[in-house]
Amino acid sequence: MKILFWGTPAYAVPSLDALVGAGQQLVGVVTQPDRRRGRGKALVPSAVKARALELGLPVFCPERIRRDSACQQQLADLGADVSVVVAFGQILPPEVLAQPPLGCWNGHGSLLPRWRGAGPIQWSLLEGDAETGVGVMAMEAGLDTGPVLLERAIPIGLLENAQQLGARLAHLTAELLVEAMPLIEAAGPGPEAERWARLKLRPQGEQGLTTARLLEKSDFQIDWSQSALAIHRRVMGLYPGAHSTWRGQRLKLLATEPLVQRLADQLSAEAAALVKPPTASAQQVEPGTVLQVIPGLGLVVASGGCPLLLRDAQLEGKAAANGNQLLQQLQANPGDRIG
């Protein structure tokens, strides 16, 4: 088939590679325009654009595809049989959705209808979901509302961060899209309802529906009065951006473990050895107080519930550190406060 691929971040690159590797004909790649990044504010291409250029594929970078009729016509002239969308970052207008005769298909990083919208990986971790997955969905005018062709679930580890989970889901998305293409091709063109019926798509119901709202700056600020598990979920889900302060400097929290008895079997051996039954005296300690400084490991910090082990962090102006290197940077003592 002739495929028009839509994607922007590194998450979408494995899908692009997999479709090329499966022998599909990529007639073009649509991605977000170059953005200014870094201290020098240099224009940097998206991960998908960089990879597409390496593969020698035509690249299109509309600022707003909804308003860019010229680009819409250029894409129509490519004569793609199908469009494949993976984390493109813009909503496709009806004119674009109607172009390919075999439809537009989205590889989405959640088990729909849970976590429609942007940031499904972050929100699955923030909310403590036990599992997540990938769905290949037929696209329609609504936001991630289309029926699902293929779906696969995976468990989420307690100590898994958004980057690690995203890498697993990116490769799973690629696998499912390669699997989906022959099915879509076999169903053939025709009216949308007839094509969907031939594919036996699963309609999304309203049960379990959640929407991943856009994250705000305040979401990244650690509130030490929350429970250790809630803080840990924020650190893992917003990796590497959740932060607090240490002696007036910003401190990014990169790896934590909640010292909660019922979760001991999911913790590292070092953290599990620190788990103790909660005591009344521990609960009276101000949240954010350093309780222990453990050589080679990190800091045990009081929260609004059980303690939290801080293993990896990045102090403002310093490189990310763990173990003794982190302790050397922070020079912390029991009784000191974070935040």
# chains A, B, ... in the order shown; residues from 1 in each chain; ligands from 1
$ residues_around --residues "range 274-278 of chain A" --least-positions-apart "3" --cutoff "12 Å" --atoms "only C-alpha atoms" --output "PyMOL selection string"
chain A and resi 257-271+281-285+291-294+297-309
$ select_by_dssp --residues "range 112-284 of chain A" --states "alpha helix (DSSP H)" --output "ChimeraX atom specification"
/A:120-126,162-187,192-199,228-237,269-272,280-283
$ residues_around --residues "range 184-192 of chain A" --least-positions-apart "2" --cutoff "6 Å" --atoms "only C-alpha atoms" --output "PyMOL selection string"
chain A and resi 101-102+181-182+194-195
$ write_last_selection --atoms "N, CA, C and O atoms" --output "compact mmCIF listing (two decimals), in the first residue's frame"
# COMPACT_ATOMS: atom_id res chain seq x y z
N PRO A 101 -8.54 6.38 0.47
CA PRO A 101 -9.68 5.48 0.28
C PRO A 101 -9.78 4.38 1.32
O PRO A 101 -10.87 3.85 1.56
N LEU A 102 -8.67 4.04 1.99
CA LEU A 102 -8.71 3.01 3.03
C LEU A 102 -8.73 3.61 4.44
O LEU A 102 -8.61 2.89 5.43
N MET A 181 -1.95 -3.31 8.86
CA MET A 181 -1.97 -2.89 7.46
C MET A 181 -2.55 -3.95 6.51
O MET A 181 -3.38 -3.62 5.65
N PRO A 182 -2.16 -5.23 6.60
CA PRO A 182 -2.77 -6.23 5.70
C PRO A 182 -4.28 -6.38 5.91
O PRO A 182 -5.02 -6.64 4.96
N GLU A 194 -19.24 0.51 5.67
CA GLU A 194 -19.05 -0.84 5.12
C GLU A 194 -17.64 -1.35 5.39
O GLU A 194 -17.44 -2.53 5.72
N ARG A 195 -16.65 -0.49 5.23
CA ARG A 195 -15.26 -0.89 5.52
C ARG A 195 -15.12 -1.28 6.98
O ARG A 195 -14.51 -2.30 7.31
$ closest_residue --among "A:Val27, A:Ala50, A:Ala273, A:Leu177" --to "Val84 in chain A" --atoms "only C-alpha atoms"
A:Leu177
$ residues_around --residues "Arg250 in chain A" --least-positions-apart "5" --cutoff "12 Å" --atoms "only C-alpha atoms" --output "JSON, numbers by chain"
{"A": [220, 221, 222, 241, 242, 243, 244, 245, 313, 314, 315, 316, 317, 318, 330, 338, 339]}
$ closest_residue --among "A:Arg337, A:Leu169, A:Asp312, A:Gln325" --to "Trp246 in chain A" --atoms "only C-alpha atoms"
A:Arg337
$ select_by_dssp --residues "range 147-269 of chain A" --states "strand (DSSP E)" --output "ChimeraX atom specification"
/A:148-155,243-246,249-258
$ write_last_selection --atoms "C-alpha atoms" --output "compact mmCIF listing (two decimals), in the first residue's frame"
# COMPACT_ATOMS: atom_id res chain seq x y z
CA VAL A 148 -10.68 0.04 17.55
CA LEU A 149 -9.23 -2.53 15.15
CA LEU A 150 -6.44 -4.03 17.25
CA GLU A 151 -5.49 -3.65 20.89
CA ARG A 152 -2.86 -5.06 23.21
CA ALA A 153 -2.36 -4.56 26.96
CA ILE A 154 0.82 -4.58 29.05
CA PRO A 155 1.32 -4.29 32.82
CA HIS A 243 10.66 19.05 41.01
CA SER A 244 10.96 20.53 44.48
CA THR A 245 13.56 22.84 46.04
CA TRP A 246 16.70 22.27 48.08
CA GLN A 249 17.68 25.73 44.33
CA ARG A 250 15.45 23.68 42.07
CA LEU A 251 15.79 19.94 42.64
CA LYS A 252 14.44 17.56 40.00
CA LEU A 253 13.33 14.22 41.41
CA LEU A 254 14.24 11.46 38.95
CA ALA A 255 13.79 8.17 40.82
CA THR A 256 11.94 7.41 44.04
CA GLU A 257 10.48 4.42 45.86
CA PRO A 258 7.48 4.62 48.20
$ atom_distance --atom1 "CA of Ala18 in chain A" --atom2 "CA of Arg51 in chain A"
12.2 Å
$ atom_distance --atom1 "CA of Ser124 in chain A" --atom2 "CA of Gly107 in chain A"
16.5 Å
$ atom_distance --atom1 "CA of Ala230 in chain A" --atom2 "CA of Leu126 in chain A"
7.8 Å
$ residues_around --residues "range 161-163 of chain A" --least-positions-apart "4" --cutoff "8 Å" --atoms "only C-alpha atoms" --output "ChimeraX atom specification"
/A:121-122,125,167,235-239
$ write_last_selection --atoms "all heavy atoms" --output "compact mmCIF listing (two decimals), in the first residue's frame"
# COMPACT_ATOMS: atom_id res chain seq x y z
N ILE A 121 0.32 8.31 28.33
CA ILE A 121 1.34 7.57 29.08
C ILE A 121 1.55 8.22 30.45
O ILE A 121 1.58 7.54 31.48
CB ILE A 121 2.66 7.51 28.28
CG1 ILE A 121 2.45 6.75 26.98
CG2 ILE A 121 3.76 6.88 29.11
CD1 ILE A 121 3.60 6.84 26.01
N GLN A 122 1.69 9.54 30.46
CA GLN A 122 1.89 10.25 31.72
C GLN A 122 0.71 10.03 32.67
O GLN A 122 0.90 9.77 33.86
CB GLN A 122 2.07 11.75 31.46
CG GLN A 122 3.41 12.11 30.83
CD GLN A 122 3.37 12.06 29.31
OE1 GLN A 122 2.47 11.45 28.72
NE2 GLN A 122 4.33 12.70 28.67
N LEU A 125 0.40 6.66 34.44
CA LEU A 125 1.30 6.56 35.59
C LEU A 125 0.84 7.46 36.74
O LEU A 125 0.88 7.05 37.91
CB LEU A 125 2.71 6.94 35.17
CG LEU A 125 3.44 5.92 34.28
CD1 LEU A 125 4.64 6.55 33.60
CD2 LEU A 125 3.86 4.71 35.09
N ALA A 167 8.90 3.93 25.78
CA ALA A 167 9.71 3.14 24.85
C ALA A 167 9.05 1.79 24.58
O ALA A 167 9.01 1.32 23.44
CB ALA A 167 11.11 2.95 25.43
N VAL A 235 6.56 11.63 40.23
CA VAL A 235 7.96 11.57 39.79
C VAL A 235 8.09 10.67 38.57
O VAL A 235 8.75 11.02 37.58
CB VAL A 235 8.86 11.08 40.93
CG1 VAL A 235 10.29 10.83 40.43
CG2 VAL A 235 8.88 12.09 42.08
N MET A 236 7.47 9.50 38.61
CA MET A 236 7.57 8.55 37.50
C MET A 236 6.77 9.03 36.29
O MET A 236 7.23 8.95 35.15
CB MET A 236 7.04 7.17 37.94
CG MET A 236 7.84 6.51 39.05
SD MET A 236 9.51 6.00 38.55
CE MET A 236 10.49 7.31 39.26
N GLY A 237 5.57 9.54 36.53
CA GLY A 237 4.70 9.94 35.43
C GLY A 237 5.16 11.18 34.70
O GLY A 237 4.93 11.31 33.50
N LEU A 238 5.82 12.09 35.40
CA LEU A 238 6.26 13.35 34.79
C LEU A 238 7.76 13.35 34.52
O LEU A 238 8.34 14.41 34.27
CB LEU A 238 5.88 14.52 35.69
CG LEU A 238 4.38 14.65 35.97
CD1 LEU A 238 4.10 15.83 36.90
CD2 LEU A 238 3.59 14.79 34.68
N TYR A 239 8.38 12.20 34.57
CA TYR A 239 9.82 12.09 34.33
C TYR A 239 10.21 12.73 33.00
O TYR A 239 9.55 12.51 31.99
CB TYR A 239 10.22 10.61 34.32
CG TYR A 239 11.69 10.37 34.10
CD1 TYR A 239 12.56 10.31 35.17
CD2 TYR A 239 12.21 10.24 32.81
CE1 TYR A 239 13.92 10.10 34.98
CE2 TYR A 239 13.57 10.04 32.62
CZ TYR A 239 14.41 9.97 33.70
OH TYR A 239 15.75 9.78 33.50
$ residues_around --residues "Gln207 in chain A" --least-positions-apart "2" --cutoff "8 Å" --atoms "only C-alpha atoms" --output "PyMOL selection string"
chain A and resi 113+205+209
$ closest_residue --among "A:Ala197, A:Leu215, A:Ala228, A:Met139" --to "Trp123 in chain A" --atoms "only C-alpha atoms"
A:Leu215
$ closest_residue --among "A:Pro295, A:Gly117, A:Gly38, A:Gly28" --to "Leu75 in chain A" --atoms "only C-alpha atoms"
A:Gly28
$ closest_residue --among "A:Cys61, A:Leu143, A:Leu176, A:Val44" --to "Pro14 in chain A" --atoms "only C-alpha atoms"
A:Leu176
$ closest_residue --among "A:Gly135, A:Gly23, A:Gly128, A:Gly119" --to "Gly166 in chain A" --atoms "only C-alpha atoms"
A:Gly119
